[in-house]
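Colleague: One file is attached below, model24.tsv, containing TSV, N, CA and C atoms.
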```tsv
chain	number	residue	atom	x	y	z
A	1	MET	N	79.63	135.90	109.64
A	1	MET	CA	80.76	136.79	109.50
A	1	MET	C	82.04	135.97	109.48
A	2	GLY	N	82.97	136.32	108.61
A	2	GLY	CA	84.22	135.61	108.48
A	2	GLY	C	85.18	135.92	109.61
A	3	VAL	N	86.27	135.18	109.61
A	3	VAL	CA	87.32	135.37	110.59
A	3	VAL	C	88.46	136.11	109.91
A	4	TRP	N	88.91	137.21	110.48
A	4	TRP	CA	90.02	137.97	109.91
A	4	TRP	C	91.32	137.27	110.24
A	5	SER	N	92.24	137.30	109.29
A	5	SER	CA	93.57	136.72	109.52
A	5	SER	C	94.62	137.67	108.97
A	6	ILE	N	95.85	137.43	109.37
A	6	ILE	CA	96.96	138.26	108.95
A	6	ILE	C	98.16	137.36	108.69
A	7	GLY	N	99.07	137.82	107.84
A	7	GLY	CA	100.28	137.04	107.57
A	7	GLY	C	99.96	135.75	106.86
A	8	PHE	N	100.31	134.65	107.50
A	8	PHE	CA	100.10	133.32	106.91
A	8	PHE	C	98.87	132.62	107.47
A	9	GLY	N	97.96	133.39	108.05
A	9	GLY	CA	96.73	132.80	108.56
A	9	GLY	C	96.50	132.99	110.05
A	10	THR	N	97.30	133.82	110.69
A	10	THR	CA	97.12	134.08	112.11
A	10	THR	C	95.79	134.78	112.34
A	11	THR	N	95.02	134.29	113.30
A	11	THR	CA	93.73	134.89	113.63
A	11	THR	C	93.75	135.55	115.00
A	12	ILE	N	94.69	135.13	115.84
A	12	ILE	CA	94.84	135.71	117.18
A	12	ILE	C	96.32	135.99	117.38
A	13	TYR	N	96.63	137.21	117.73
A	13	TYR	CA	98.02	137.60	117.97
A	13	TYR	C	98.59	136.88	119.19
A	14	PRO	N	99.91	136.79	119.30
A	14	PRO	CA	100.52	136.16	120.47
A	14	PRO	C	100.07	136.76	121.81
A	15	ASN	N	99.64	138.01	121.81
A	15	ASN	CA	99.17	138.65	123.04
A	15	ASN	C	97.70	138.34	123.34
A	16	GLY	N	97.05	137.52	122.50
A	16	GLY	CA	95.67	137.10	122.74
A	16	GLY	C	94.61	137.96	122.08
A	17	ILE	N	94.99	139.04	121.44
A	17	ILE	CA	94.03	139.93	120.77
A	17	ILE	C	93.70	139.36	119.38
A	18	ARG	N	92.42	139.40	119.03
A	18	ARG	CA	91.98	138.91	117.72
A	18	ARG	C	92.40	139.87	116.62
A	19	VAL	N	92.76	139.30	115.48
A	19	VAL	CA	93.06	140.10	114.29
A	19	VAL	C	91.77	140.76	113.84
A	20	LYS	N	91.87	142.02	113.39
A	20	LYS	CA	90.67	142.73	112.93
A	20	LYS	C	90.92	143.34	111.55
A	21	LYS	N	89.85	143.71	110.92
A	21	LYS	CA	89.91	144.34	109.60
A	21	LYS	C	90.86	145.53	109.64
A	22	GLY	N	91.72	145.62	108.65
A	22	GLY	CA	92.64	146.74	108.53
A	22	GLY	C	94.00	146.53	109.16
A	23	ASP	N	94.17	145.45	109.95
A	23	ASP	CA	95.47	145.17	110.54
A	23	ASP	C	96.48	144.85	109.45
A	24	VAL	N	97.70	145.27	109.64
A	24	VAL	CA	98.78	144.99	108.70
A	24	VAL	C	100.00	144.50	109.48
A	25	CYS	N	100.90	143.82	108.78
A	25	CYS	CA	102.13	143.36	109.41
A	25	CYS	C	103.23	143.26	108.35
A	26	THR	N	104.44	143.22	108.84
A	26	THR	CA	105.58	143.01	107.95
A	26	THR	C	105.76	141.51	107.73
A	27	GLU	N	106.60	141.15	106.77
A	27	GLU	CA	106.89	139.73	106.55
A	27	GLU	C	107.53	139.11	107.79
A	28	ALA	N	108.42	139.86	108.45
A	28	ALA	CA	109.08	139.36	109.66
A	28	ALA	C	108.05	139.11	110.77
A	29	GLN	N	107.09	140.02	110.92
A	29	GLN	CA	106.04	139.82	111.91
A	29	GLN	C	105.19	138.61	111.56
A	30	ALA	N	104.86	138.45	110.28
A	30	ALA	CA	104.05	137.31	109.84
A	30	ALA	C	104.75	136.00	110.18
A	31	LYS	N	106.06	135.95	109.96
A	31	LYS	CA	106.83	134.74	110.29
A	31	LYS	C	106.84	134.48	111.80
A	32	ALA	N	106.96	135.54	112.58
A	32	ALA	CA	106.94	135.38	114.04
A	32	ALA	C	105.57	134.91	114.52
A	33	TYR	N	104.51	135.47	113.95
A	33	TYR	CA	103.16	135.03	114.32
A	33	TYR	C	102.96	133.56	113.99
A	34	MET	N	103.42	133.16	112.81
A	34	MET	CA	103.24	131.77	112.40
A	34	MET	C	104.02	130.83	113.30
A	35	ALA	N	105.25	131.20	113.65
A	35	ALA	CA	106.06	130.36	114.55
A	35	ALA	C	105.34	130.19	115.89
A	36	HIS	N	104.75	131.26	116.38
A	36	HIS	CA	103.99	131.19	117.64
A	36	HIS	C	102.78	130.27	117.48
A	37	ASP	N	102.04	130.46	116.39
A	37	ASP	CA	100.86	129.63	116.13
A	37	ASP	C	101.22	128.16	116.01
A	38	LEU	N	102.28	127.88	115.28
A	38	LEU	CA	102.66	126.48	115.04
A	38	LEU	C	102.95	125.74	116.34
A	39	LYS	N	103.55	126.40	117.29
A	39	LYS	CA	103.82	125.74	118.58
A	39	LYS	C	102.52	125.29	119.22
A	40	LYS	N	101.50	126.14	119.17
A	40	LYS	CA	100.19	125.78	119.74
A	40	LYS	C	99.60	124.58	119.01
A	41	PHE	N	99.65	124.61	117.67
A	41	PHE	CA	99.03	123.54	116.89
A	41	PHE	C	99.82	122.23	117.01
A	42	GLU	N	101.13	122.32	117.08
A	42	GLU	CA	101.95	121.12	117.28
A	42	GLU	C	101.61	120.46	118.61
A	43	LYS	N	101.52	121.27	119.66
A	43	LYS	CA	101.18	120.73	120.98
A	43	LYS	C	99.78	120.12	120.96
A	44	PHE	N	98.85	120.77	120.29
A	44	PHE	CA	97.48	120.27	120.23
A	44	PHE	C	97.41	118.92	119.51
A	45	VAL	N	98.08	118.82	118.36
A	45	VAL	CA	98.06	117.56	117.60
A	45	VAL	C	98.70	116.45	118.44
A	46	THR	N	99.78	116.76	119.11
A	46	THR	CA	100.44	115.77	119.96
A	46	THR	C	99.49	115.24	121.02
A	47	GLY	N	98.67	116.12	121.59
A	47	GLY	CA	97.72	115.71	122.61
A	47	GLY	C	96.50	114.98	122.07
A	48	ALA	N	96.12	115.27	120.84
A	48	ALA	CA	94.90	114.69	120.27
A	48	ALA	C	95.12	113.31	119.66
A	49	VAL	N	96.34	113.03	119.26
A	49	VAL	CA	96.65	111.77	118.57
A	49	VAL	C	97.36	110.83	119.53
A	50	SER	N	96.86	109.60	119.60
A	50	SER	CA	97.40	108.64	120.56
A	50	SER	C	98.19	107.50	119.91
A	51	VAL	N	98.39	107.57	118.62
A	51	VAL	CA	99.16	106.53	117.92
A	51	VAL	C	100.46	107.13	117.41
A	52	PRO	N	101.45	106.28	117.14
A	52	PRO	CA	102.72	106.80	116.62
A	52	PRO	C	102.55	107.43	115.24
A	53	LEU	N	103.28	108.51	115.01
A	53	LEU	CA	103.24	109.22	113.73
A	53	LEU	C	104.65	109.40	113.20
A	54	SER	N	104.78	109.34	111.88
A	54	SER	CA	106.03	109.75	111.26
A	54	SER	C	106.07	111.28	111.29
A	55	GLN	N	107.24	111.85	111.04
A	55	GLN	CA	107.32	113.31	111.00
A	55	GLN	C	106.43	113.86	109.89
A	56	TYR	N	106.36	113.16	108.76
A	56	TYR	CA	105.51	113.61	107.65
A	56	TYR	C	104.04	113.60	108.04
A	57	GLN	N	103.61	112.54	108.71
A	57	GLN	CA	102.22	112.46	109.14
A	57	GLN	C	101.90	113.59	110.13
A	58	PHE	N	102.80	113.79	111.07
A	58	PHE	CA	102.62	114.86	112.06
A	58	PHE	C	102.51	116.22	111.36
A	59	ASP	N	103.41	116.48	110.43
A	59	ASP	CA	103.41	117.76	109.72
A	59	ASP	C	102.11	117.97	108.95
A	60	ALA	N	101.61	116.91	108.31
A	60	ALA	CA	100.35	117.01	107.56
A	60	ALA	C	99.19	117.31	108.51
A	61	LEU	N	99.19	116.70	109.68
A	61	LEU	CA	98.12	116.93	110.64
A	61	LEU	C	98.18	118.33	111.24
A	62	VAL	N	99.38	118.84	111.47
A	62	VAL	CA	99.52	120.21	111.97
A	62	VAL	C	99.00	121.19	110.92
A	63	SER	N	99.34	120.95	109.66
A	63	SER	CA	98.86	121.82	108.58
A	63	SER	C	97.33	121.80	108.52
A	64	LEU	N	96.76	120.63	108.58
A	64	LEU	CA	95.30	120.49	108.55
A	64	LEU	C	94.67	121.23	109.74
A	65	THR	N	95.21	121.00	110.92
A	65	THR	CA	94.66	121.62	112.13
A	65	THR	C	94.77	123.13	112.07
A	66	TYR	N	95.89	123.63	111.56
A	66	TYR	CA	96.09	125.07	111.41
A	66	TYR	C	95.00	125.67	110.54
A	67	ASN	N	94.55	124.91	109.56
A	67	ASN	CA	93.56	125.41	108.61
A	67	ASN	C	92.12	125.22	109.08
A	68	ILE	N	91.80	124.08	109.69
A	68	ILE	CA	90.40	123.81	110.05
A	68	ILE	C	90.07	124.16	111.49
A	69	GLY	N	91.10	124.33	112.32
A	69	GLY	CA	90.89	124.67	113.72
A	69	GLY	C	90.98	123.46	114.63
A	70	MET	N	91.28	123.74	115.87
A	70	MET	CA	91.51	122.67	116.84
A	70	MET	C	90.26	121.87	117.16
A	71	THR	N	89.14	122.55	117.33
A	71	THR	CA	87.91	121.83	117.69
A	71	THR	C	87.47	120.91	116.56
A	72	ALA	N	87.49	121.41	115.34
A	72	ALA	CA	87.10	120.58	114.19
A	72	ALA	C	88.04	119.38	114.07
A	73	PHE	N	89.33	119.61	114.26
A	73	PHE	CA	90.29	118.50	114.18
A	73	PHE	C	90.02	117.47	115.27
A	74	LYS	N	89.89	117.94	116.51
A	74	LYS	CA	89.70	117.03	117.65
A	74	LYS	C	88.45	116.16	117.47
A	75	ASN	N	87.39	116.74	116.92
A	75	ASN	CA	86.12	116.03	116.77
A	75	ASN	C	85.98	115.29	115.45
A	76	SER	N	87.02	115.32	114.63
A	76	SER	CA	86.93	114.77	113.28
A	76	SER	C	86.96	113.24	113.24
A	77	THR	N	86.33	112.72	112.21
A	77	THR	CA	86.40	111.28	111.93
A	77	THR	C	87.85	110.89	111.65
A	78	LEU	N	88.61	111.78	111.06
A	78	LEU	CA	90.02	111.51	110.78
A	78	LEU	C	90.74	111.12	112.07
A	79	VAL	N	90.60	111.91	113.12
A	79	VAL	CA	91.28	111.62	114.39
A	79	VAL	C	90.73	110.34	115.02
A	80	LYS	N	89.43	110.15	114.94
A	80	LYS	CA	88.85	108.92	115.51
A	80	LYS	C	89.41	107.68	114.83
A	81	ARG	N	89.50	107.71	113.52
A	81	ARG	CA	90.03	106.55	112.78
A	81	ARG	C	91.53	106.38	113.01
A	82	LEU	N	92.23	107.50	113.03
A	82	LEU	CA	93.67	107.45	113.27
A	82	LEU	C	93.97	106.85	114.64
A	83	ASN	N	93.26	107.30	115.66
A	83	ASN	CA	93.51	106.80	117.01
A	83	ASN	C	93.11	105.34	117.20
A	84	LYS	N	92.35	104.80	116.26
A	84	LYS	CA	92.06	103.36	116.25
A	84	LYS	C	93.13	102.59	115.49
A	85	GLY	N	94.11	103.32	114.94
A	85	GLY	CA	95.20	102.69	114.21
A	85	GLY	C	94.92	102.48	112.75
A	86	ASP	N	93.83	103.02	112.25
A	86	ASP	CA	93.49	102.85	110.83
A	86	ASP	C	94.03	104.06	110.05
A	87	TYR	N	95.32	103.98	109.74
A	87	TYR	CA	96.00	105.10	109.08
A	87	TYR	C	95.44	105.37	107.68
A	88	GLN	N	95.07	104.32	106.95
A	88	GLN	CA	94.53	104.51	105.61
A	88	GLN	C	93.19	105.22	105.64
A	89	ALA	N	92.33	104.81	106.54
A	89	ALA	CA	91.02	105.48	106.66
A	89	ALA	C	91.21	106.93	107.09
A	90	ALA	N	92.17	107.18	107.97
A	90	ALA	CA	92.46	108.55	108.39
A	90	ALA	C	92.96	109.37	107.20
A	91	GLU	N	93.86	108.80	106.43
A	91	GLU	CA	94.39	109.49	105.25
A	91	GLU	C	93.27	109.88	104.29
A	92	ASN	N	92.33	108.99	104.09
A	92	ASN	CA	91.22	109.26	103.17
A	92	ASN	C	90.33	110.41	103.65
A	93	GLN	N	90.36	110.69	104.94
A	93	GLN	CA	89.53	111.76	105.50
A	93	GLN	C	90.03	113.16	105.12
A	94	PHE	N	91.26	113.29	104.64
A	94	PHE	CA	91.72	114.60	104.20
A	94	PHE	C	90.81	115.14	103.10
A	95	ASP	N	90.27	114.24	102.29
A	95	ASP	CA	89.41	114.63	101.17
A	95	ASP	C	88.09	115.27	101.62
A	96	VAL	N	87.72	115.09	102.87
A	96	VAL	CA	86.45	115.62	103.39
A	96	VAL	C	86.52	117.13	103.62
A	97	TRP	N	87.69	117.64	103.91
A	97	TRP	CA	87.87	119.02	104.36
A	97	TRP	C	88.17	119.97	103.22
A	98	VAL	N	87.26	120.02	102.24
A	98	VAL	CA	87.49	120.83	101.03
A	98	VAL	C	86.40	121.87	100.79
A	99	LYS	N	85.53	122.07	101.77
A	99	LYS	CA	84.41	123.00	101.58
A	99	LYS	C	84.54	124.21	102.50
A	100	ALA	N	84.03	125.32	102.01
A	100	ALA	CA	83.88	126.53	102.81
A	100	ALA	C	82.54	127.14	102.41
A	101	GLY	N	81.73	127.45	103.38
A	101	GLY	CA	80.41	127.99	103.08
A	101	GLY	C	79.56	127.03	102.28
A	102	GLY	N	79.78	125.72	102.48
A	102	GLY	CA	78.99	124.71	101.78
A	102	GLY	C	79.43	124.43	100.35
A	103	ARG	N	80.47	125.13	99.88
A	103	ARG	CA	80.94	124.96	98.51
A	103	ARG	C	82.34	124.37	98.49
A	104	THR	N	82.58	123.47	97.55
A	104	THR	CA	83.92	122.94	97.35
A	104	THR	C	84.80	124.05	96.79
A	105	ILE	N	85.94	124.26	97.42
A	105	ILE	CA	86.88	125.31	97.04
A	105	ILE	C	88.14	124.66	96.47
A	106	GLN	N	88.48	125.01	95.26
A	106	GLN	CA	89.63	124.38	94.60
A	106	GLN	C	90.92	124.55	95.40
A	107	GLY	N	91.10	125.70	96.02
A	107	GLY	CA	92.30	125.90	96.84
A	107	GLY	C	92.38	124.91	97.99
A	108	LEU	N	91.22	124.59	98.59
A	108	LEU	CA	91.20	123.59	99.66
A	108	LEU	C	91.40	122.19	99.11
A	109	VAL	N	90.86	121.92	97.94
A	109	VAL	CA	91.09	120.62	97.29
A	109	VAL	C	92.60	120.43	97.09
A	110	ASN	N	93.26	121.48	96.60
A	110	ASN	CA	94.70	121.40	96.36
A	110	ASN	C	95.48	121.23	97.66
A	111	ARG	N	95.10	122.00	98.67
A	111	ARG	CA	95.80	121.92	99.96
A	111	ARG	C	95.64	120.55	100.58
A	112	ARG	N	94.41	120.02	100.57
A	112	ARG	CA	94.18	118.70	101.16
A	112	ARG	C	94.93	117.62	100.37
A	113	ALA	N	95.00	117.74	99.06
A	113	ALA	CA	95.74	116.76	98.26
A	113	ALA	C	97.22	116.77	98.67
A	114	SER	N	97.78	117.95	98.87
A	114	SER	CA	99.18	118.05	99.30
A	114	SER	C	99.38	117.47	100.69
A	115	GLU	N	98.47	117.77	101.60
A	115	GLU	CA	98.58	117.23	102.95
A	115	GLU	C	98.43	115.71	102.94
A	116	LYS	N	97.53	115.21	102.12
A	116	LYS	CA	97.31	113.77	102.04
A	116	LYS	C	98.55	113.06	101.52
A	117	ILE	N	99.19	113.63	100.52
A	117	ILE	CA	100.43	113.05	99.99
A	117	ILE	C	101.50	113.07	101.08
A	118	LEU	N	101.61	114.18	101.81
A	118	LEU	CA	102.59	114.29	102.88
A	118	LEU	C	102.33	113.26	103.96
A	119	PHE	N	101.07	113.07	104.30
A	119	PHE	CA	100.68	112.10	105.32
A	119	PHE	C	101.08	110.69	104.92
```
Take the structure from the file and write it as structure tokens.
Modeller:
Amino acid sequence: MGVWSIGFGTTIYPNGIRVKKGDVCTEAQAKAYMAHDLKKFEKFVTGAVSVPLSQYQFDALVSLTYNIGMTAFKNSTLVKRLNKGDYQAAENQFDVWVKAGGRTIQGLVNRRASEKILF
């Protein structure tokens, strides 16, 4: 079963309740949900990465984490290589995260390419 999201990809509301089928929101609510979510993901990336990052690298990693989830990010080869100081090997790992349901998804290919350039 898939995960329901609302707005720009929020899956859990700021009050801790999961998004469910049929939920709706305004654009202003979507922006507020995303701002709340981003704080969580920014804090998580800061805790998971032990090497210095440029703002661009940090932003790319937050975007990736927002999309793949915190557990997948924390356990990823990308983070392992990055924390060893191998920025190039970490950058190349963006290309790995392009599948959903075992299939390569063009939208994910495009998103990862953008994040990789930003990184």
Colleague: For Lys116 (chain A), which residue among A:Gly85, A:Asn15, A:Ala60, A:Ile68 is the nearest when counting all atoms listed in the file?
Modeller: A:Ala60
Colleague: Give me the residues of region 9-78 of chain A that have any atom at most 12 Å from an atom of region 93-115 of chain A; for each, the nearest atom pair and the distance in Å, rounded to one decimal. Use only C-alpha atoms, sort by chain and number, and format it as a Markdown table.
Modeller:
```
| residue | atom | partner | partner_atom | distance |
| --- | --- | --- | --- | --- |
| A:Tyr56 | CA | A:Glu115 | CA | 9.1 |
| A:Gln57 | CA | A:Glu115 | CA | 8.6 |
| A:Phe58 | CA | A:Glu115 | CA | 10.2 |
| A:Asp59 | CA | A:Glu115 | CA | 8.3 |
| A:Ala60 | CA | A:Glu115 | CA | 4.9 |
| A:Leu61 | CA | A:Glu115 | CA | 7.7 |
| A:Val62 | CA | A:Glu115 | CA | 9.5 |
| A:Ser63 | CA | A:Glu115 | CA | 7.3 |
| A:Leu64 | CA | A:Glu115 | CA | 7.3 |
| A:Thr65 | CA | A:Trp97 | CA | 10.6 |
| A:Tyr66 | CA | A:Glu115 | CA | 11.8 |
| A:Asn67 | CA | A:Leu108 | CA | 9.4 |
| A:Ile68 | CA | A:Trp97 | CA | 7.9 |
| A:Gly69 | CA | A:Trp97 | CA | 11.3 |
| A:Ala72 | CA | A:Trp97 | CA | 10.0 |
| A:Phe73 | CA | A:Trp97 | CA | 10.1 |
| A:Ser76 | CA | A:Gln93 | CA | 8.7 |
| A:Thr77 | CA | A:Gln93 | CA | 7.2 |
| A:Leu78 | CA | A:Gln93 | CA | 5.3 |
```
Colleague: Could you tell me how far atom C of Met70 (chain A) sits from atom N of Cys25 (chain A), in Å to one decimal place?
Modeller: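 Between atom N of Cys25 (chain A) and atom C of Met70 (chain A) the gap is 25.8 Å.
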Colleague: Grab the atom N of Val49 (chain A) to atom N of Trp4 (chain A) distance for me, in Å with one decimal place.
Modeller: 26.8 Å
Colleague: Which value, in Å to one decimal, gives the distance between CA of Lys74 (chain A) and CA of Gln88 (chain A)?
Modeller: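 We find that CA of Lys74 (chain A) and CA of Gln88 (chain A) lie 18.0 Å from each other.
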Colleague: Any idea what's packed within 8 Å of Val51 (chain A), counting all atoms listed in the file, ignoring anything in its chain fewer than 4 positions away? Could you give it as a PyMOL selection string?
Modeller: chain A and resi 82-85
Colleague: Quick check for you: according to DSSP on this backbone, which residues of chain A are classed as strand (DSSP E or B)? Reply as a list in words.
Modeller: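 The residues of chain A classed as strand (DSSP E or B) are Ile6, Thr10, Ile12, Arg18, Lys99, Ala100, Arg103 and Thr104 of chain A.
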Colleague: Could you check the closest approach to Gly7 (chain A) for each of A:Thr26, A:His36, A:Ile117, A:Lys20 and tell me which residue wins, using only C-alpha atoms?
Modeller: A:Thr26
Colleague: Please, which residues of region 12-74 of chain A, numbered as in this document, come out helix (DSSP H, G or I) from DSSP, as a ChimeraX atom specification?
Modeller: /A:27-48,55-68,70-74
Colleague: Could you save those same residues with N, CA and C atoms as a tab-separated table (two decimals), in the frame of the given file?
Modeller:
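That gives us selection.tsv:
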```tsv
chain	number	residue	atom	x	y	z
A	27	GLU	N	106.60	141.15	106.77
A	27	GLU	CA	106.89	139.73	106.55
A	27	GLU	C	107.53	139.11	107.79
A	28	ALA	N	108.42	139.86	108.45
A	28	ALA	CA	109.08	139.36	109.66
A	28	ALA	C	108.05	139.11	110.77
A	29	GLN	N	107.09	140.02	110.92
A	29	GLN	CA	106.04	139.82	111.91
A	29	GLN	C	105.19	138.61	111.56
A	30	ALA	N	104.86	138.45	110.28
A	30	ALA	CA	104.05	137.31	109.84
A	30	ALA	C	104.75	136.00	110.18
A	31	LYS	N	106.06	135.95	109.96
A	31	LYS	CA	106.83	134.74	110.29
A	31	LYS	C	106.84	134.48	111.80
A	32	ALA	N	106.96	135.54	112.58
A	32	ALA	CA	106.94	135.38	114.04
A	32	ALA	C	105.57	134.91	114.52
A	33	TYR	N	104.51	135.47	113.95
A	33	TYR	CA	103.16	135.03	114.32
A	33	TYR	C	102.96	133.56	113.99
A	34	MET	N	103.42	133.16	112.81
A	34	MET	CA	103.24	131.77	112.40
A	34	MET	C	104.02	130.83	113.30
A	35	ALA	N	105.25	131.20	113.65
A	35	ALA	CA	106.06	130.36	114.55
A	35	ALA	C	105.34	130.19	115.89
A	36	HIS	N	104.75	131.26	116.38
A	36	HIS	CA	103.99	131.19	117.64
A	36	HIS	C	102.78	130.27	117.48
A	37	ASP	N	102.04	130.46	116.39
A	37	ASP	CA	100.86	129.63	116.13
A	37	ASP	C	101.22	128.16	116.01
A	38	LEU	N	102.28	127.88	115.28
A	38	LEU	CA	102.66	126.48	115.04
A	38	LEU	C	102.95	125.74	116.34
A	39	LYS	N	103.55	126.40	117.29
A	39	LYS	CA	103.82	125.74	118.58
A	39	LYS	C	102.52	125.29	119.22
A	40	LYS	N	101.50	126.14	119.17
A	40	LYS	CA	100.19	125.78	119.74
A	40	LYS	C	99.60	124.58	119.01
A	41	PHE	N	99.65	124.61	117.67
A	41	PHE	CA	99.03	123.54	116.89
A	41	PHE	C	99.82	122.23	117.01
A	42	GLU	N	101.13	122.32	117.08
A	42	GLU	CA	101.95	121.12	117.28
A	42	GLU	C	101.61	120.46	118.61
A	43	LYS	N	101.52	121.27	119.66
A	43	LYS	CA	101.18	120.73	120.98
A	43	LYS	C	99.78	120.12	120.96
A	44	PHE	N	98.85	120.77	120.29
A	44	PHE	CA	97.48	120.27	120.23
A	44	PHE	C	97.41	118.92	119.51
A	45	VAL	N	98.08	118.82	118.36
A	45	VAL	CA	98.06	117.56	117.60
A	45	VAL	C	98.70	116.45	118.44
A	46	THR	N	99.78	116.76	119.11
A	46	THR	CA	100.44	115.77	119.96
A	46	THR	C	99.49	115.24	121.02
A	47	GLY	N	98.67	116.12	121.59
A	47	GLY	CA	97.72	115.71	122.61
A	47	GLY	C	96.50	114.98	122.07
A	48	ALA	N	96.12	115.27	120.84
A	48	ALA	CA	94.90	114.69	120.27
A	48	ALA	C	95.12	113.31	119.66
A	55	GLN	N	107.24	111.85	111.04
A	55	GLN	CA	107.32	113.31	111.00
A	55	GLN	C	106.43	113.86	109.89
A	56	TYR	N	106.36	113.16	108.76
A	56	TYR	CA	105.51	113.61	107.65
A	56	TYR	C	104.04	113.60	108.04
A	57	GLN	N	103.61	112.54	108.71
A	57	GLN	CA	102.22	112.46	109.14
A	57	GLN	C	101.90	113.59	110.13
A	58	PHE	N	102.80	113.79	111.07
A	58	PHE	CA	102.62	114.86	112.06
A	58	PHE	C	102.51	116.22	111.36
A	59	ASP	N	103.41	116.48	110.43
A	59	ASP	CA	103.41	117.76	109.72
A	59	ASP	C	102.11	117.97	108.95
A	60	ALA	N	101.61	116.91	108.31
A	60	ALA	CA	100.35	117.01	107.56
A	60	ALA	C	99.19	117.31	108.51
A	61	LEU	N	99.19	116.70	109.68
A	61	LEU	CA	98.12	116.93	110.64
A	61	LEU	C	98.18	118.33	111.24
A	62	VAL	N	99.38	118.84	111.47
A	62	VAL	CA	99.52	120.21	111.97
A	62	VAL	C	99.00	121.19	110.92
A	63	SER	N	99.34	120.95	109.66
A	63	SER	CA	98.86	121.82	108.58
A	63	SER	C	97.33	121.80	108.52
A	64	LEU	N	96.76	120.63	108.58
A	64	LEU	CA	95.30	120.49	108.55
A	64	LEU	C	94.67	121.23	109.74
A	65	THR	N	95.21	121.00	110.92
A	65	THR	CA	94.66	121.62	112.13
A	65	THR	C	94.77	123.13	112.07
A	66	TYR	N	95.89	123.63	111.56
A	66	TYR	CA	96.09	125.07	111.41
A	66	TYR	C	95.00	125.67	110.54
A	67	ASN	N	94.55	124.91	109.56
A	67	ASN	CA	93.56	125.41	108.61
A	67	ASN	C	92.12	125.22	109.08
A	68	ILE	N	91.80	124.08	109.69
A	68	ILE	CA	90.40	123.81	110.05
A	68	ILE	C	90.07	124.16	111.49
A	70	MET	N	91.28	123.74	115.87
A	70	MET	CA	91.51	122.67	116.84
A	70	MET	C	90.26	121.87	117.16
A	71	THR	N	89.14	122.55	117.33
A	71	THR	CA	87.91	121.83	117.69
A	71	THR	C	87.47	120.91	116.56
A	72	ALA	N	87.49	121.41	115.34
A	72	ALA	CA	87.10	120.58	114.19
A	72	ALA	C	88.04	119.38	114.07
A	73	PHE	N	89.33	119.61	114.26
A	73	PHE	CA	90.29	118.50	114.18
A	73	PHE	C	90.02	117.47	115.27
A	74	LYS	N	89.89	117.94	116.51
A	74	LYS	CA	89.70	117.03	117.65
A	74	LYS	C	88.45	116.16	117.47
```
Colleague: Applying 10 Å and only C-alpha atoms, which residues near Asp37 (chain A) remain after dropping the ones on its own chain fewer than 2 positions away? List them as number ranges by chain.
Modeller: A: 8-14, 31-35, 39-42, 66
Colleague: How big is the axis-aligned box, and where does its centre sit, when it encloses all atoms of region 60-73 of chain A listed in the file and has 3 Å added on every side, reported in Å to one decimal as JSON?
Modeller:
```
{"center_x": 94.4, "center_y": 121.2, "center_z": 112.6, "size_x": 20.5, "size_y": 15.0, "size_z": 16.1}
```
Colleague: How would region 56-65 of chain A look with N, CA, C and O atoms restored, written as a PDB file, in the frame of the given file?
Modeller:
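The result, written out as selection26.pdb:
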```
ATOM      1  N   TYR A  56     106.360 113.160 108.760  1.00  0.00           N
ATOM      2  CA  TYR A  56     105.510 113.610 107.650  1.00  0.00           C
ATOM      3  C   TYR A  56     104.040 113.600 108.040  1.00  0.00           C
ATOM      4  O   TYR A  56     103.301 114.535 107.722  1.00  0.00           O
ATOM      5  N   GLN A  57     103.610 112.540 108.710  1.00  0.00           N
ATOM      6  CA  GLN A  57     102.220 112.460 109.140  1.00  0.00           C
ATOM      7  C   GLN A  57     101.900 113.590 110.130  1.00  0.00           C
ATOM      8  O   GLN A  57     100.875 114.251 110.007  1.00  0.00           O
ATOM      9  N   PHE A  58     102.800 113.790 111.070  1.00  0.00           N
ATOM     10  CA  PHE A  58     102.620 114.860 112.060  1.00  0.00           C
ATOM     11  C   PHE A  58     102.510 116.220 111.360  1.00  0.00           C
ATOM     12  O   PHE A  58     101.620 117.010 111.669  1.00  0.00           O
ATOM     13  N   ASP A  59     103.410 116.480 110.430  1.00  0.00           N
ATOM     14  CA  ASP A  59     103.410 117.760 109.720  1.00  0.00           C
ATOM     15  C   ASP A  59     102.110 117.970 108.950  1.00  0.00           C
ATOM     16  O   ASP A  59     101.549 119.072 108.946  1.00  0.00           O
ATOM     17  N   ALA A  60     101.610 116.910 108.310  1.00  0.00           N
ATOM     18  CA  ALA A  60     100.350 117.010 107.560  1.00  0.00           C
ATOM     19  C   ALA A  60      99.190 117.310 108.510  1.00  0.00           C
ATOM     20  O   ALA A  60      98.316 118.135 108.191  1.00  0.00           O
ATOM     21  N   LEU A  61      99.190 116.700 109.680  1.00  0.00           N
ATOM     22  CA  LEU A  61      98.120 116.930 110.640  1.00  0.00           C
ATOM     23  C   LEU A  61      98.180 118.330 111.240  1.00  0.00           C
ATOM     24  O   LEU A  61      97.143 118.964 111.474  1.00  0.00           O
ATOM     25  N   VAL A  62      99.380 118.840 111.470  1.00  0.00           N
ATOM     26  CA  VAL A  62      99.520 120.210 111.970  1.00  0.00           C
ATOM     27  C   VAL A  62      99.000 121.190 110.920  1.00  0.00           C
ATOM     28  O   VAL A  62      98.271 122.134 111.233  1.00  0.00           O
ATOM     29  N   SER A  63      99.340 120.950 109.660  1.00  0.00           N
ATOM     30  CA  SER A  63      98.860 121.820 108.580  1.00  0.00           C
ATOM     31  C   SER A  63      97.330 121.800 108.520  1.00  0.00           C
ATOM     32  O   SER A  63      96.691 122.852 108.415  1.00  0.00           O
ATOM     33  N   LEU A  64      96.760 120.630 108.580  1.00  0.00           N
ATOM     34  CA  LEU A  64      95.300 120.490 108.550  1.00  0.00           C
ATOM     35  C   LEU A  64      94.670 121.230 109.740  1.00  0.00           C
ATOM     36  O   LEU A  64      93.722 121.999 109.569  1.00  0.00           O
ATOM     37  N   THR A  65      95.210 121.000 110.920  1.00  0.00           N
ATOM     38  CA  THR A  65      94.660 121.620 112.130  1.00  0.00           C
ATOM     39  C   THR A  65      94.770 123.130 112.070  1.00  0.00           C
ATOM     40  O   THR A  65      93.853 123.849 112.471  1.00  0.00           O
TER      41      THR A  65
END
```
